[in-house]
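Enquirer: Below is one structure. I have some questions about it.
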Amino acid sequence: MAVKTRAAVLKGPHDIELIERELVCGPTEVIVKNHLMGICGSDKNFYRGKLPPKTAEFRQAPAFPFYLGHESGGTVVEVGSRVHEYRVGDKVMAFGWNNNFADYFKAPVTDLQPVPEGLDMDLASLGEPIACAMFAGMAAQVKLGDIVAVFGAGFAGQIIAQCAKASGAYRVVVVDVCEGKLRLAKELGADFTVNAAETDPVAAILDLTGGVGADVVVEAAGTEGAINQATQALAHGGKFVFYSWVTQPVRLDISRWHDDGFTFINACLVHHTREERFIWAPRALRPVAQGLVKIRPLITHEFKLSEIKEAFALVDKDDTAVKVVLRP
């Protein structure tokens with residue numbers, strides 16, 4: 001039986017609207033009633049017309065019209081004839097691009113995960129971006145006494161900074177160009193913040209470390225400048241943790257990567273295998289369920305799905321917004 005839903009389509013840059021779609025559940029698919037949806041930084045880029053090359057993540061060509069959305073979770077309402085992993089009524093998190101800005105979405109069974117015990121559904125619906133950021137924070141291998149510099153104080157950067165502090169970092173430095181995001185990072189435990197629009201972050205980090213540099217840098221800003229600044233701010237033999245999805249070619253000063261013996265860590269959970277993700281996501285979400293990493297302060301704006309135009313207009317114009325969510 002077909003399920004009717006409102007769903008978002010991006011017709012072109014800055015041109016998003018809700019249309020009616022019919023979802024028919026295939027034999028290995030699941031239909032989910034949405035609880036809450038989040039707007040990702042990649043969604044903002046798409047909205048601005050910056051579509052990336054096709055990757056394994058997309059089951060549709062990255063071209064307009066583009067059926068947008070991947071951060072969400074909810075309740076299973078229908079399962080395919082060959083699905084044995086889920087039953088109607090199960091709570092699930094989405095881990096795939098399946099037009100999730102909708103009342104209902106359809107996904108292959110491999111693009112879902114059960115909601116971990118003890119995790120509130122608002123947070124579970126953001127399970128994908130939370131787990132990705134937490135995985136990066138854990139994969140950064142922060143040790144007791146490390147000085148960690150996080151470039152980018154968006155949703156992921158804020159989580160990674162908290163994770164670094166909880167892992168025993170001696171000092172956590174957060175770099176961004178938005179003062180509001182930096183204030184939030186300080187409230188959530190960062191030791192130092194640097195407004196890169198006003199102060200050279202490399203000089204600030206070198207000054208803080210006596211000219212040595214940070215033991216670990218995390219690039220979560222997604223710009224050519226931030227990648228190169230993180231490179232210059234890292235200590236000899238340090239760890240460079242790469243989180244951002246940079247969709248356009250950039251020029252990198254990578255001489256130090258070689259000469260200073262950096263360890264380079266690709267910390268993108270969802271771009272590993274689904275099997276790895278299935279094991280890692282519950283582990284990465286455990287500290288969130290425990291309350292060791294705070295997520296709710298990062299949800300800065302909430303809209304109804306019917307207000308999707310207003311939500312994306314805000315995200316496009318207000319860089320101080322950290323995580324904007326919508327409810328059906």
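Scheme for the structure tokens: letters A, B, ... for chains in order shown; per-chain residue numbers from 1; ligand numbers from 1 in order shown.
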Give the strand (DSSP E or B) residues of segment 52-217 of chain A, as assigned by DSSP on the backbone, as an MDAnalysis selection string.
Expert: chainID A and resid 66:67 71:79 91:94 102 104:108 112:114 147:151 171:176 192:195 214:217
Enquirer: Would you export the selected residues with C-alpha atoms as a compact mmCIF listing (two decimals), in the first residue's frame, please?
Expert:
```txt
# COMPACT_ATOMS: atom_id res chain seq x y z
CA PHE A 66 17.37 17.12 -5.88
CA TYR A 67 15.31 15.28 -3.26
CA GLU A 71 19.30 13.54 9.10
CA SER A 72 16.24 12.08 10.83
CA GLY A 73 14.71 9.25 12.79
CA GLY A 74 11.34 7.92 13.75
CA THR A 75 9.01 4.94 13.96
CA VAL A 76 8.77 2.06 11.48
CA VAL A 77 5.31 1.89 9.88
CA GLU A 78 5.93 -0.67 7.12
CA VAL A 79 8.57 -3.28 6.30
CA LYS A 91 12.38 3.21 16.68
CA VAL A 92 15.15 3.80 14.12
CA MET A 93 17.82 6.32 13.10
CA ALA A 94 18.50 7.18 9.46
CA ALA A 102 9.34 14.55 4.82
CA TYR A 104 7.55 9.74 5.98
CA PHE A 105 10.66 8.44 4.25
CA LYS A 106 11.57 5.14 2.62
CA ALA A 107 15.01 3.61 3.10
CA PRO A 108 16.91 0.40 2.34
CA LEU A 112 18.83 2.37 9.25
CA GLN A 113 19.99 1.55 12.76
CA PRO A 114 18.05 0.81 15.95
CA ILE A 147 46.46 20.31 23.60
CA VAL A 148 43.71 20.06 20.99
CA ALA A 149 42.69 22.73 18.46
CA VAL A 150 39.31 22.41 16.75
CA PHE A 151 38.83 24.55 13.65
CA ARG A 171 43.60 22.40 26.80
CA VAL A 172 40.94 22.60 24.09
CA VAL A 173 41.08 25.57 21.70
CA VAL A 174 38.12 26.26 19.40
CA VAL A 175 38.55 28.47 16.32
CA ASP A 176 35.70 30.07 14.36
CA PHE A 192 40.24 28.99 24.86
CA THR A 193 38.47 30.38 21.81
CA VAL A 194 39.92 32.30 18.87
CA ASN A 195 37.90 34.48 16.53
CA ALA A 214 48.82 21.65 19.20
CA ASP A 215 49.18 17.91 19.70
CA VAL A 216 45.95 17.30 17.78
CA VAL A 217 44.15 19.52 15.28
```
Enquirer: What's around segment 254-262 of chain A at 7 Å? Count only C-alpha atoms, leave out sequence neighbours fewer than 5 positions away in its own chain, and write the answer as a PyMOL selection string.
Expert: chain A and resi 236-240
Enquirer: Restricting it to C-alpha atoms, dump the selection as an mmCIF file, in the first residue's frame.
Expert:
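Saved file part-v3.cif follows:
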```
data_model
loop_
_atom_site.group_PDB
_atom_site.id
_atom_site.type_symbol
_atom_site.label_atom_id
_atom_site.label_comp_id
_atom_site.auth_asym_id
_atom_site.auth_seq_id
_atom_site.Cartn_x
_atom_site.Cartn_y
_atom_site.Cartn_z
ATOM 1 C CA HIS A 236 55.781 18.035 14.941
ATOM 2 C CA GLY A 237 54.543 14.431 15.001
ATOM 3 C CA GLY A 238 50.984 15.537 15.764
ATOM 4 C CA LYS A 239 47.637 14.164 14.632
ATOM 5 C CA PHE A 240 45.637 15.871 11.882
#
```
Enquirer: Using only C-alpha atoms, which of A:Gly96, A:Pro65, A:Gly291, A:Pro13 sits nearest Lys50 of chain A?
Expert: A:Pro13
Enquirer: Using only C-alpha atoms, which residues sit within 8 Å of Lys44 of chain A once same-chain residues fewer than 3 positions away are excluded, as a list in words?
Expert: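 These residues fall inside the cut-off: Ile39, Cys40, Gly41, Tyr47, Arg48, Phe312, Val315 and Asp316 of chain A.
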Enquirer: Name the residues in contact with Ala166 of chain A at a cut-off of 10 Å, using only C-alpha atoms, excluding same-chain residues fewer than 2 positions from it; report them as a VMD selection string.
Expert: chain A and resid 137 142 144 160 to 164 168 to 169 189 287 292 to 293
